[in-house]
Each structure stands twice: as C-alpha cells, then as structure tokens.
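> For reference, the file data_29.txt (compact mmCIF, C-alpha atoms (C1' of nucleotides)) is included below:
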```txt
# COMPACT_ATOMS: atom_id res chain seq x y z
CA MET F 1 -40.95 10.39 10.26
CA ARG F 2 -44.62 10.97 11.07
CA ASP F 3 -44.48 8.07 13.54
CA ILE F 4 -41.54 9.69 15.29
CA ALA F 5 -43.36 13.02 15.33
CA ARG F 6 -46.48 11.44 16.83
CA GLU F 7 -44.37 9.85 19.54
CA LEU F 8 -43.13 13.35 20.41
CA ASP F 9 -46.61 14.93 20.20
CA LEU F 10 -45.55 17.00 17.24
CA GLN F 11 -46.95 17.54 13.77
CA GLY F 12 -45.00 15.81 11.03
CA GLY F 13 -43.41 18.90 9.60
CA SER F 14 -42.45 20.29 12.99
CA LEU F 15 -39.75 17.66 13.35
CA TYR F 16 -37.69 19.64 10.89
CA ALA F 17 -37.31 22.47 13.38
CA HIS F 18 -35.07 20.05 15.31
CA ILE F 19 -33.38 17.88 12.73
CA PRO F 20 -31.93 18.56 9.29
CA SER F 21 -33.09 15.36 7.60
CA LYS F 22 -34.22 11.79 8.05
CA GLU F 23 -30.81 10.52 7.07
CA ALA F 24 -29.13 12.63 9.76
CA VAL F 25 -31.27 10.92 12.40
CA LEU F 26 -30.33 7.47 11.14
CA ALA F 27 -26.67 8.49 11.02
CA SER F 28 -26.83 9.69 14.61
CA ILE F 29 -28.32 6.41 15.83
CA VAL F 30 -25.75 4.40 13.91
CA GLU F 31 -22.82 6.46 15.16
CA ARG F 32 -23.88 6.33 18.81
CA ALA F 33 -24.36 2.58 18.60
CA ALA F 34 -20.97 2.16 16.97
CA GLU F 35 -19.39 4.00 19.87
CA ARG F 36 -20.93 1.61 22.38
CA PHE F 37 -19.41 -1.35 20.62
CA HIS F 38 -16.00 0.24 20.31
CA GLN F 39 -15.88 1.33 23.92
CA ALA F 40 -16.85 -2.11 25.13
CA ILE F 41 -14.22 -3.95 23.15
CA GLN F 42 -11.21 -1.69 22.85
CA PRO F 43 -9.87 -1.78 26.43
CA ILE F 44 -10.03 -5.56 26.37
CA ALA F 45 -8.42 -6.01 22.96
CA GLN F 46 -5.56 -3.70 23.80
CA GLY F 47 -5.27 -4.71 27.44
CA PRO F 48 -3.31 -7.51 29.07
CA GLY F 49 -4.02 -11.22 29.03
CA SER F 50 -3.68 -14.22 26.76
CA ALA F 51 -5.26 -14.01 23.31
CA ALA F 52 -7.83 -16.66 24.20
CA GLY F 53 -8.70 -14.89 27.44
CA ARG F 54 -9.11 -11.53 25.73
CA LEU F 55 -11.23 -13.08 22.99
CA ARG F 56 -13.46 -14.64 25.60
CA ARG F 57 -13.98 -11.25 27.26
CA MET F 58 -14.45 -9.49 23.90
CA ILE F 59 -17.13 -12.01 22.94
CA ASP F 60 -18.83 -11.45 26.27
CA ALA F 61 -18.70 -7.67 25.84
CA HIS F 62 -19.98 -7.73 22.27
CA VAL F 63 -22.84 -10.09 23.08
CA ARG F 64 -23.81 -7.92 26.04
CA VAL F 65 -23.96 -4.80 23.88
CA VAL F 66 -26.21 -6.56 21.37
CA ALA F 67 -28.41 -8.01 24.09
CA SER F 68 -28.70 -4.68 25.91
CA SER F 69 -30.69 -3.41 22.93
CA PRO F 70 -31.13 -5.75 19.98
CA GLN F 71 -33.05 -3.01 18.15
CA ARG F 72 -30.24 -0.50 18.38
CA ALA F 73 -27.73 -3.19 17.47
CA HIS F 74 -29.85 -4.05 14.43
CA VAL F 75 -29.74 -0.46 13.22
CA PHE F 76 -25.97 -0.32 13.63
CA LEU F 77 -25.26 -3.75 12.23
CA PHE F 78 -27.70 -3.94 9.33
CA GLU F 79 -29.48 -0.66 8.61
CA TRP F 80 -26.42 1.53 8.11
CA VAL F 81 -26.48 0.39 4.47
CA SER F 82 -29.39 2.79 3.89
CA LEU F 83 -27.22 5.82 4.61
CA GLY F 84 -26.07 8.01 1.74
CA GLU F 85 -22.73 7.24 0.18
CA GLU F 86 -20.59 9.59 2.24
CA ARG F 87 -21.85 8.55 5.66
CA ARG F 88 -22.08 4.92 4.61
CA GLU F 89 -18.40 4.88 3.78
CA ALA F 90 -17.54 6.42 7.14
CA VAL F 91 -19.53 3.72 8.92
CA SER F 92 -17.88 1.10 6.75
CA ARG F 93 -14.46 2.30 7.89
CA SER F 94 -15.59 2.25 11.51
CA ARG F 95 -16.81 -1.32 11.11
CA ASP F 96 -13.55 -2.33 9.49
CA ALA F 97 -11.64 -0.92 12.44
CA TYR F 98 -13.86 -2.84 14.81
CA GLU F 99 -13.33 -6.09 12.95
CA GLU F 100 -9.62 -5.36 12.94
CA GLN F 101 -9.55 -5.46 16.74
CA PHE F 102 -10.72 -9.05 16.65
CA THR F 103 -8.41 -9.93 13.79
CA THR F 104 -5.43 -8.52 15.65
CA VAL F 105 -6.05 -10.45 18.85
CA ILE F 106 -6.56 -13.65 16.88
CA ALA F 107 -3.38 -13.01 14.91
CA GLU F 108 -1.47 -12.42 18.13
CA GLY F 109 -2.71 -15.75 19.46
CA ILE F 110 -1.66 -17.49 16.29
CA ALA F 111 1.75 -15.83 16.28
CA SER F 112 2.43 -16.89 19.85
CA GLY F 113 1.34 -20.44 19.12
CA GLU F 114 -1.56 -20.17 21.54
CA LEU F 115 -4.17 -20.47 18.79
CA ALA F 116 -4.19 -22.36 15.51
CA HIS F 117 -5.64 -21.17 12.22
CA ASP F 118 -4.16 -19.78 9.06
CA ASP F 119 -6.45 -16.84 8.32
CA ALA F 120 -7.06 -14.55 11.27
CA ARG F 121 -9.29 -12.20 9.31
CA MET F 122 -11.59 -14.97 8.12
CA ALA F 123 -11.81 -16.28 11.67
CA ALA F 124 -12.81 -12.80 12.87
CA VAL F 125 -15.47 -12.52 10.16
CA PHE F 126 -16.78 -15.96 11.11
CA LEU F 127 -17.05 -14.99 14.76
CA LEU F 128 -18.57 -11.56 14.19
CA SER F 129 -21.10 -12.98 11.74
CA ALA F 130 -22.29 -15.45 14.33
CA MET F 131 -22.47 -12.84 17.08
CA ASN F 132 -24.17 -10.18 14.98
CA ALA F 133 -26.99 -12.50 14.00
CA LEU F 134 -28.01 -12.27 17.64
CA ALA F 135 -29.57 -8.93 16.74
CA HIS F 136 -32.02 -10.89 14.57
CA TRP F 137 -33.11 -13.48 17.08
CA TYR F 138 -32.16 -12.50 20.64
CA ARG F 139 -35.15 -11.92 22.90
CA PRO F 140 -34.64 -10.54 26.43
CA ASP F 141 -37.33 -12.91 27.69
CA GLY F 142 -35.70 -15.95 26.08
CA PRO F 143 -34.27 -18.87 28.07
CA LEU F 144 -30.61 -17.86 27.70
CA GLY F 145 -29.09 -14.67 29.09
CA PRO F 146 -26.25 -12.84 27.35
CA GLU F 147 -23.60 -14.39 29.62
CA ALA F 148 -24.68 -17.94 28.80
CA ILE F 149 -24.82 -17.21 25.08
CA ALA F 150 -21.43 -15.52 25.17
CA GLU F 151 -19.89 -18.47 26.97
CA GLN F 152 -21.25 -20.97 24.48
CA TYR F 153 -20.13 -18.84 21.55
CA ALA F 154 -16.66 -18.50 23.04
CA ASP F 155 -16.47 -22.26 23.55
CA LEU F 156 -17.61 -22.90 20.00
CA PHE F 157 -15.20 -20.38 18.56
CA LEU F 158 -12.17 -21.40 20.57
CA HIS F 159 -12.72 -25.15 20.63
CA GLY F 160 -15.23 -25.98 17.92
CA LEU F 161 -17.03 -29.28 18.07
CA GLY F 162 -13.89 -31.36 17.89
CA ARG F 163 -12.83 -33.54 20.75
CA GLY F 164 -9.52 -31.76 21.11
CA ILE F 165 -7.53 -31.19 24.29
CA THR F 166 -9.33 -28.45 26.17
CA ASP F 167 -7.58 -25.90 28.32
CA GLY F 168 -9.97 -26.53 31.18
CA SER F 169 -11.92 -23.31 30.82
CA ALA F 170 -14.45 -24.57 28.34
CA THR F 171 -16.93 -27.25 27.27
CA ALA F 172 -17.51 -28.01 30.93
CA THR F 173 -20.94 -28.22 32.53
CA ALA F 174 -21.74 -24.64 31.52
CA GLY F 175 -21.39 -22.90 34.83
CA GLY F 176 -19.82 -19.60 35.86
CA SER F 177 -18.51 -17.32 33.13
CA PRO F 178 -15.61 -14.81 32.83
CA MET L 1 -42.87 -2.72 -9.16
CA ARG L 2 -42.40 -0.08 -11.84
CA ASP L 3 -38.71 -1.06 -12.03
CA ILE L 4 -39.70 -4.65 -12.65
CA ALA L 5 -42.24 -3.54 -15.27
CA ARG L 6 -39.66 -1.42 -17.06
CA GLU L 7 -37.28 -4.39 -17.13
CA LEU L 8 -40.04 -6.34 -18.90
CA ASP L 9 -40.90 -3.47 -21.27
CA LEU L 10 -44.33 -3.13 -19.71
CA GLN L 11 -46.29 -0.28 -18.21
CA GLY L 12 -46.47 -0.34 -14.43
CA GLY L 13 -50.08 -1.40 -14.19
CA SER L 14 -49.73 -4.10 -16.83
CA LEU L 15 -47.75 -6.24 -14.42
CA TYR L 16 -50.98 -7.02 -12.65
CA ALA L 17 -52.25 -8.95 -15.64
CA HIS L 18 -49.58 -11.52 -14.68
CA ILE L 19 -49.27 -11.39 -10.92
CA PRO L 20 -51.79 -10.98 -8.12
CA SER L 21 -49.72 -8.72 -5.87
CA LYS L 22 -46.27 -7.52 -4.94
CA GLU L 23 -46.22 -9.80 -1.93
CA ALA L 24 -46.98 -12.86 -4.07
CA VAL L 25 -43.86 -12.14 -6.12
CA LEU L 26 -41.70 -11.87 -3.01
CA ALA L 27 -43.23 -15.07 -1.65
CA SER L 28 -42.45 -16.89 -4.86
CA ILE L 29 -38.81 -15.80 -4.82
CA VAL L 30 -38.46 -16.78 -1.18
CA GLU L 31 -40.07 -20.19 -1.66
CA ARG L 32 -37.99 -21.10 -4.70
CA ALA L 33 -34.81 -20.08 -2.90
CA ALA L 34 -35.81 -22.12 0.14
CA GLU L 35 -36.19 -25.17 -2.05
CA ARG L 36 -32.68 -24.81 -3.39
CA PHE L 37 -31.25 -24.84 0.10
CA HIS L 38 -33.32 -27.80 1.20
CA GLN L 39 -32.48 -29.85 -1.86
CA ALA L 40 -28.79 -29.18 -1.47
CA ILE L 41 -28.63 -30.21 2.18
CA GLN L 42 -31.19 -32.93 2.74
CA PRO L 43 -29.58 -35.86 0.91
CA ILE L 44 -26.34 -35.20 2.76
CA ALA L 45 -27.89 -34.81 6.20
CA GLN L 46 -29.91 -37.97 5.87
CA GLY L 47 -27.31 -39.92 3.93
CA PRO L 48 -24.43 -42.06 5.14
CA GLY L 49 -21.17 -40.95 6.70
CA SER L 50 -19.79 -39.70 9.97
CA ALA L 51 -21.41 -36.66 11.55
CA ALA L 52 -18.29 -34.55 10.99
CA GLY L 53 -18.08 -35.70 7.38
CA ARG L 54 -21.70 -34.90 6.69
CA LEU L 55 -21.39 -31.49 8.36
CA ARG L 56 -18.40 -30.71 6.18
CA ARG L 57 -20.40 -31.54 3.07
CA MET L 58 -23.48 -29.67 4.31
CA ILE L 59 -21.38 -26.58 4.94
CA ASP L 60 -19.92 -26.86 1.46
CA ALA L 61 -23.38 -27.25 -0.07
CA HIS L 62 -24.89 -24.35 1.87
CA VAL L 63 -22.02 -22.01 1.06
CA ARG L 64 -22.25 -22.95 -2.61
CA VAL L 65 -25.97 -22.14 -2.72
CA VAL L 66 -25.33 -18.72 -1.16
CA ALA L 67 -22.40 -18.03 -3.46
CA SER L 68 -24.29 -19.14 -6.57
CA SER L 69 -26.52 -16.09 -6.07
CA PRO L 70 -25.92 -13.91 -3.02
CA GLN L 71 -28.87 -11.73 -4.05
CA ARG L 72 -31.35 -14.58 -4.10
CA ALA L 73 -29.91 -15.91 -0.86
CA HIS L 74 -30.32 -12.46 0.67
CA VAL L 75 -34.01 -12.41 -0.20
CA PHE L 76 -34.54 -15.86 1.30
CA LEU L 77 -32.41 -15.32 4.37
CA PHE L 78 -33.28 -11.75 5.30
CA GLU L 79 -36.15 -10.28 3.30
CA TRP L 80 -38.79 -12.93 4.06
CA VAL L 81 -39.59 -10.90 7.19
CA SER L 82 -41.45 -8.42 4.95
CA LEU L 83 -44.04 -11.01 3.98
CA GLY L 84 -47.52 -10.86 5.48
CA GLU L 85 -48.16 -12.83 8.61
CA GLU L 86 -49.48 -16.00 7.02
CA ARG L 87 -46.71 -16.51 4.51
CA ARG L 88 -44.10 -15.32 6.96
CA GLU L 89 -45.05 -18.04 9.39
CA ALA L 90 -44.86 -20.66 6.67
CA VAL L 91 -41.34 -19.52 5.79
CA SER L 92 -40.46 -19.50 9.45
CA ARG L 93 -41.46 -23.15 9.74
CA SER L 94 -39.45 -23.99 6.64
CA ARG L 95 -36.41 -22.28 8.12
CA ASP L 96 -36.86 -24.13 11.39
CA ALA L 97 -36.94 -27.43 9.52
CA TYR L 98 -33.75 -26.47 7.72
CA GLU L 99 -31.98 -25.56 10.93
CA GLU L 100 -33.20 -28.83 12.38
CA GLN L 101 -31.26 -30.78 9.79
CA PHE L 102 -28.05 -29.28 11.08
CA THR L 103 -29.09 -29.70 14.70
CA THR L 104 -29.85 -33.36 14.13
CA VAL L 105 -26.52 -34.19 12.52
CA ILE L 106 -24.67 -32.35 15.28
CA ALA L 107 -26.71 -34.16 17.93
CA GLU L 108 -25.93 -37.49 16.30
CA GLY L 109 -22.23 -36.68 16.41
CA ILE L 110 -22.47 -35.75 20.07
CA ALA L 111 -24.44 -38.88 20.92
CA SER L 112 -21.89 -41.11 19.24
CA GLY L 113 -19.04 -39.36 21.02
CA GLU L 114 -17.62 -38.13 17.74
CA LEU L 115 -18.30 -34.47 18.55
CA ALA L 116 -18.29 -32.56 21.81
CA HIS L 117 -20.71 -29.81 22.83
CA ASP L 118 -23.68 -29.67 25.11
CA ASP L 119 -26.20 -27.73 23.03
CA ALA L 120 -26.60 -28.98 19.48
CA ARG L 121 -29.23 -26.40 18.58
CA MET L 122 -27.07 -23.49 19.68
CA ALA L 123 -24.16 -24.91 17.73
CA ALA L 124 -26.37 -25.10 14.63
CA VAL L 125 -27.53 -21.50 15.09
CA PHE L 126 -23.91 -20.42 15.51
CA LEU L 127 -22.89 -22.15 12.29
CA LEU L 128 -25.86 -21.00 10.21
CA SER L 129 -25.44 -17.42 11.43
CA ALA L 130 -21.86 -17.39 10.24
CA MET L 131 -22.70 -18.96 6.88
CA ASN L 132 -25.74 -16.80 6.20
CA ALA L 133 -23.79 -13.60 6.68
CA LEU L 134 -22.00 -14.57 3.47
CA ALA L 135 -25.07 -13.23 1.65
CA HIS L 136 -24.08 -9.78 2.98
CA TRP L 137 -20.45 -9.79 1.96
CA TYR L 138 -19.68 -12.50 -0.59
CA ARG L 139 -18.59 -11.16 -3.96
CA PRO L 140 -18.10 -13.54 -6.91
CA ASP L 141 -15.01 -11.58 -7.94
CA GLY L 142 -13.48 -11.77 -4.47
CA PRO L 143 -10.23 -13.61 -3.71
CA LEU L 144 -11.86 -16.69 -2.15
CA GLY L 145 -14.14 -19.10 -3.97
CA PRO L 146 -17.02 -20.89 -2.27
CA GLU L 147 -15.01 -24.09 -1.79
CA ALA L 148 -12.20 -22.31 0.04
CA ILE L 149 -14.64 -20.40 2.25
CA ALA L 150 -16.58 -23.57 3.01
CA GLU L 151 -13.43 -25.42 3.98
CA GLN L 152 -12.31 -22.66 6.33
CA TYR L 153 -15.74 -22.43 7.89
CA ALA L 154 -15.86 -26.19 8.39
CA ASP L 155 -12.43 -26.12 10.02
CA LEU L 156 -13.46 -23.28 12.28
CA PHE L 157 -16.71 -24.93 13.23
CA LEU L 158 -15.32 -28.40 13.81
CA HIS L 159 -12.00 -27.47 15.38
CA GLY L 160 -12.24 -23.85 16.49
CA LEU L 161 -9.04 -21.96 17.15
CA GLY L 162 -7.85 -24.27 19.86
CA ARG L 163 -4.76 -26.36 19.46
CA GLY L 164 -6.68 -29.60 19.93
CA ILE L 165 -5.90 -32.96 18.40
CA THR L 166 -6.99 -32.72 14.80
CA ASP L 167 -8.42 -35.64 12.89
CA GLY L 168 -6.11 -35.05 9.98
CA SER L 169 -8.76 -33.62 7.64
CA ALA L 170 -8.48 -30.02 8.71
CA THR L 171 -6.34 -27.03 9.58
CA ALA L 172 -3.84 -28.26 7.03
CA THR L 173 -2.32 -26.09 4.31
CA ALA L 174 -5.77 -25.39 2.83
CA GLY L 175 -5.70 -27.58 -0.21
CA GLY L 176 -8.30 -29.79 -1.89
CA SER L 177 -11.76 -29.94 -0.33
CA PRO L 178 -14.60 -32.54 -0.15
C1' DC I 1 -43.80 24.58 16.69
C1' DC I 2 -48.23 24.80 13.64
C1' DT I 3 -50.84 25.30 9.21
C1' DA I 4 -50.97 24.24 4.89
C1' DC I 5 -49.03 22.51 1.27
C1' DC I 6 -45.41 20.67 -2.40
C1' DG I 7 -43.94 17.16 -5.86
C1' DA I 8 -42.82 12.42 -6.07
C1' DT I 9 -43.83 7.88 -5.53
C1' DC I 10 -46.30 3.83 -4.01
C1' DG I 11 -49.30 -0.60 -4.95
C1' DG I 12 -53.07 -1.36 -7.41
C1' DT I 13 -57.59 -1.02 -10.50
C1' DA I 14 -61.37 0.01 -14.21
C1' DG I 15 -62.32 -0.34 -18.62
C1' DG I 16 -61.13 -1.25 -22.77
C1' DC R 1 -51.33 -5.34 -22.32
C1' DC R 2 -52.34 -0.04 -22.44
C1' DT R 3 -54.52 4.34 -20.84
C1' DA R 4 -55.73 6.76 -17.29
C1' DC R 5 -56.37 7.11 -12.90
C1' DC R 6 -57.18 6.12 -7.58
C1' DG R 7 -56.14 7.06 -2.64
C1' DA R 8 -52.38 6.83 0.45
C1' DT R 9 -48.05 8.00 1.87
C1' DC R 10 -43.44 9.85 1.61
C1' DG R 11 -39.64 13.47 3.04
C1' DG R 12 -39.60 18.04 3.30
C1' DT R 13 -40.67 23.42 3.09
C1' DA R 14 -42.76 28.37 3.30
C1' DG R 15 -44.49 31.46 6.11
C1' DG R 16 -45.97 32.64 10.12
```
Show the structure stored in the file as structure tokens.

Amino acid sequence: MRDIARELDLQGGSLYAHIPSKEAVLASIVERAAERFHQAIQPIAQGPGSAAGRLRRMIDAHVRVVASSPQRAHVFLFEWVSLGEERREAVSRSRDAYEEQFTTVIAEGIASGELAHDDARMAAVFLLSAMNALAHWYRPDGPLGPEAIAEQYADLFLHGLGRGITDGSATATAGGSP
Amino acid sequence: MRDIARELDLQGGSLYAHIPSKEAVLASIVERAAERFHQAIQPIAQGPGSAAGRLRRMIDAHVRVVASSPQRAHVFLFEWVSLGEERREAVSRSRDAYEEQFTTVIAEGIASGELAHDDARMAAVFLLSAMNALAHWYRPDGPLGPEAIAEQYADLFLHGLGRGITDGSATATAGGSP
DNA sequence: CCTACCGATCGGTAGG
DNA sequence: CCTACCGATCGGTAGG
C-alpha cells in the first residue's frame, strides 16, 4: 500500500481517504479485468459461425486480452484467490461462467458432429489452462505476437499433433490468421 | 515460520537451530519436487517407443506426480519465483531442461513424420501449461483420477478436437490406459 | 490529505 | 532448544 501511495505522491495513510481497504482495491482490479475477458469472448461465443470457427476467434480474443496486459491478466487469473471469502466466491462464479462459454461452444461442435471428444468441459479446462499460462511467460518484446500464438494454440487445440485430415485452415505454413 | 515451528512443537526462534533461513527451506522443497518430476519423465523420454507412445506415458507420469501431491507440485511449479535470484535461476534452468525433454520427443515425432506441427517447443509449452494447471484445481476426492485425466489430456494433445484419422489408441470410450 | 501513531506480525539473533 | 528481544514492515485510524 505504501508503494501505491508513493506512486501517487501521497503519504501511506492518506490512501485511505480514497479507498476503503486494500482488499477493495484488489477486488476492483480483478472485476475490471474479468469484464475485459467477458466482453471480448461473449459476442463471438453467442454469435454465428461454425463451432471450430468461433473457437478460433475466441482463442484469438482471449490471447489478445492476456497479451494486452499480462500483469492485469495475472491478477485476474491467479491473484483473485487472495480475496476474502465473499468476493472470492463471486469471482469464482464469474470464472465458471466464462469457462462455460467455451464449454458450450465445444459441446455444440460435438453435438453437430463437427468436433470429436467426449468431455466438453475437460476440453475447455485444457484449453483455458494452456492459454492462461501465457500470463506467466508472455513478454511483449518476445519473438511471437499474440496473433501468432493464438493461431498456433488454435491449431494445437483443434487438430492436436496427430496427422489427421485437416480442414485446410490449419497446420499450414503459419501465415495469415483469422 | 512460526506456523512451521508450532507444528514441530518448537518456539519460533528455535527453528533456526535447524535451518539457515526461510528461503533455504523453500529451496529444499522446490528442489526435491523437481527431482520427482525429472525422475518420473526421463526414463520414458529417453527410452524406446514411438514418439506418440512416449508422450502418452510422459503425460501419464507428469499428471501422476502432480496428483500425488498438488500442494508440493504447486510449490515447485509456481512458488519457486519467490526464491532469491541465484536459486531462482538454478530452478529456471532445471525447468528448461524438463521442458526440453518434451520438446525433444515431440521434435523426434515430427522429424519421423509420426506427428505434425511446425513448432515443437510451442507444442511442449502448450502441453505443460495445461498439465501444470492441474496443481491449481486437482482434488484427490474429485470425480476423475489421475489416469483418466492423463488419458484425456493425451487424447486432446495428440488428436485435438478435429475429426482426423485416429490411430486407434485414442478418443475411444475412455477405458483402460497405458 | 498530513501527522502521528496503533497493534500485529515478520524473519531472524544473542546468549544461555 | 528456550528466553527474550531486535528492527522492519504491515494494513489501517484518530484528529486535525
């Protein structure tokens, strides 16, 4: 808190003229970050298009949000556990709803025969786990931009490493994306 | 530290008759955990078998190590960043070597034409990210055991969600594993 | 928004 | 391994 105060040219205690508590600040950061993720994904998940196509765009959107600020993403994705019980449970519900968007699109793809797997929720957890780890290692000055990472992750998720029949959109020479 | 002391029926300060510092204790936990992972994976990676077969067994081994103690895995996988610079860099090298085992097997599979992807390292990061997140959410009393999770993760990694030609070992009714 | 301060807790040490 | 304690730091508050 004293670091934050210094950054604002305030004395430590003076912060509390503006905020109720340290936890409230963390909660605010977490909730704003959550909103960014939801707003990026929702229109795609509930919009038109094949399941695979929507997943590809959802992966791109999610990766972009993480890459746009890995620090903020880290707070949302990993530091929310430090909130008190009440707020932590609210965030937990919000995260469940977010995961559900992925699960639903995957389940739709499975139901239509477009995709193949027997546990849509596990597939969603697998995908989100891989994407969220980006907040640990992504560096804006690294060799790969968010679009390239998103494309590779989409290829890996939709096609794996198997030498299956591809639909033509993936595992190519890694060129233009969505 | 006082919690640890209490658990040992000692006074807080008495701990320091046995250990040099708090960081040394963390380092010890991290290094022992690292060894478990290495020992589980190395003989498989460098042993015989097809690349896909070895990956399947490496995934099973890694998931089992995480599931055998999610807490210990959490310390190794996520809390090593709190170590001082010197020890942190040593752990970082150890983690790179571990990742490299996966990268190598994947690259071998690509070289032989058994697997298809153009960036073996990214594929390894993708896989390890998904598996390591288990340390966040795996519960021993959950519905899925480590074998079932490992099998699903191997299917997802090797075949994705696409409706490609399967090699017969995966995406079946989810029965017996390696 | 500052001054001045609170009680609690932290990792760690001296001396026995 | 205990007693007794160190200096530093923590989130937060009273009173102006």
> Can you pull out the residues contacting DC10 of chain R? Cut-off 12 Å, using only C-alpha atoms (C1' of nucleotides), and skip same-chain residues under 4 positions away; I want them as a ChimeraX atom specification.
/F:1-2,12,22 /I:6-10
> Counting only C-alpha atoms (C1' of nucleotides), collect the residues of chain R whose closest atom lies at most 12 Å from chain L, and write them out as a PyMOL selection string.
chain R and resi 1-5
> Could you state the separation of atom CA of Ala61 of chain F and atom CA of Arg88 of chain F in Å, given to one decimal place?
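Atom-to-atom, atom CA of Ala61 of chain F and atom CA of Arg88 of chain F are spaced 24.9 Å apart.
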> Using only C-alpha atoms, find each residue of chain L with at least one atom at most 8 Å away from an atom of chain F; report its shortest atom-to-atom pair and that distance in Å (one decimal), sort the rows by chain and rising residue number, and return the result as a tab-separated table.

```
residue	atom	partner	partner_atom	distance
L:Glu114	CA	F:Arg163	CA	7.3
L:Leu115	CA	F:Leu161	CA	5.4
L:Ala116	CA	F:Leu161	CA	5.1
L:His117	CA	F:Leu161	CA	6.0
L:Asp118	CA	F:Thr171	CA	7.5
L:Met122	CA	F:Gln152	CA	8.0
L:Ala123	CA	F:Leu156	CA	7.2
L:Phe126	CA	F:Ala130	CA	5.4
L:Leu127	CA	F:Ala130	CA	7.0
L:Leu128	CA	F:Ala130	CA	7.8
L:Ser129	CA	F:Ala130	CA	4.7
L:Ala130	CA	F:Ala130	CA	4.5
L:Met131	CA	F:Phe126	CA	7.9
L:Ala133	CA	F:Ser129	CA	5.8
L:Gln152	CA	F:Met122	CA	7.9
L:Tyr153	CA	F:Phe126	CA	7.3
L:Leu156	CA	F:Gly160	CA	6.5
L:Phe157	CA	F:Gly160	CA	5.0
L:Leu158	CA	F:Leu161	CA	4.7
L:His159	CA	F:Gly160	CA	4.4
L:Gly160	CA	F:Gly160	CA	3.9
L:Leu161	CA	F:Leu158	CA	4.7
L:Gly162	CA	F:His159	CA	5.0
L:Arg163	CA	F:Ala116	CA	5.7
L:Gly164	CA	F:Gly164	CA	3.8
L:Ile165	CA	F:Gly164	CA	4.7
L:Thr166	CA	F:Gly164	CA	6.9
L:Thr171	CA	F:His117	CA	6.5
```
> Name all residues at most 10 Å from His74 of chain F (count all atoms listed in the file; drop same-chain ones fewer than 2 positions away) and give them as a short mmCIF file (atom, residue, chain, number, x, y, z; two decimals) with C-alpha atoms, in the frame of the given file.

```
data_model
loop_
_atom_site.label_atom_id
_atom_site.label_comp_id
_atom_site.auth_asym_id
_atom_site.auth_seq_id
_atom_site.Cartn_x
_atom_site.Cartn_y
_atom_site.Cartn_z
CA VAL F 30 -25.75 4.40 13.91
CA ALA F 33 -24.36 2.58 18.60
CA VAL F 66 -26.21 -6.56 21.37
CA SER F 69 -30.69 -3.41 22.93
CA PRO F 70 -31.13 -5.75 19.98
CA GLN F 71 -33.05 -3.01 18.15
CA ARG F 72 -30.24 -0.50 18.38
CA PHE F 76 -25.97 -0.32 13.63
CA LEU F 77 -25.26 -3.75 12.23
CA PHE F 78 -27.70 -3.94 9.33
CA GLU F 79 -29.48 -0.66 8.61
CA TRP F 80 -26.42 1.53 8.11
CA ASN F 132 -24.17 -10.18 14.98
CA ALA F 133 -26.99 -12.50 14.00
CA LEU F 134 -28.01 -12.27 17.64
CA ALA F 135 -29.57 -8.93 16.74
CA HIS F 136 -32.02 -10.89 14.57
#
```
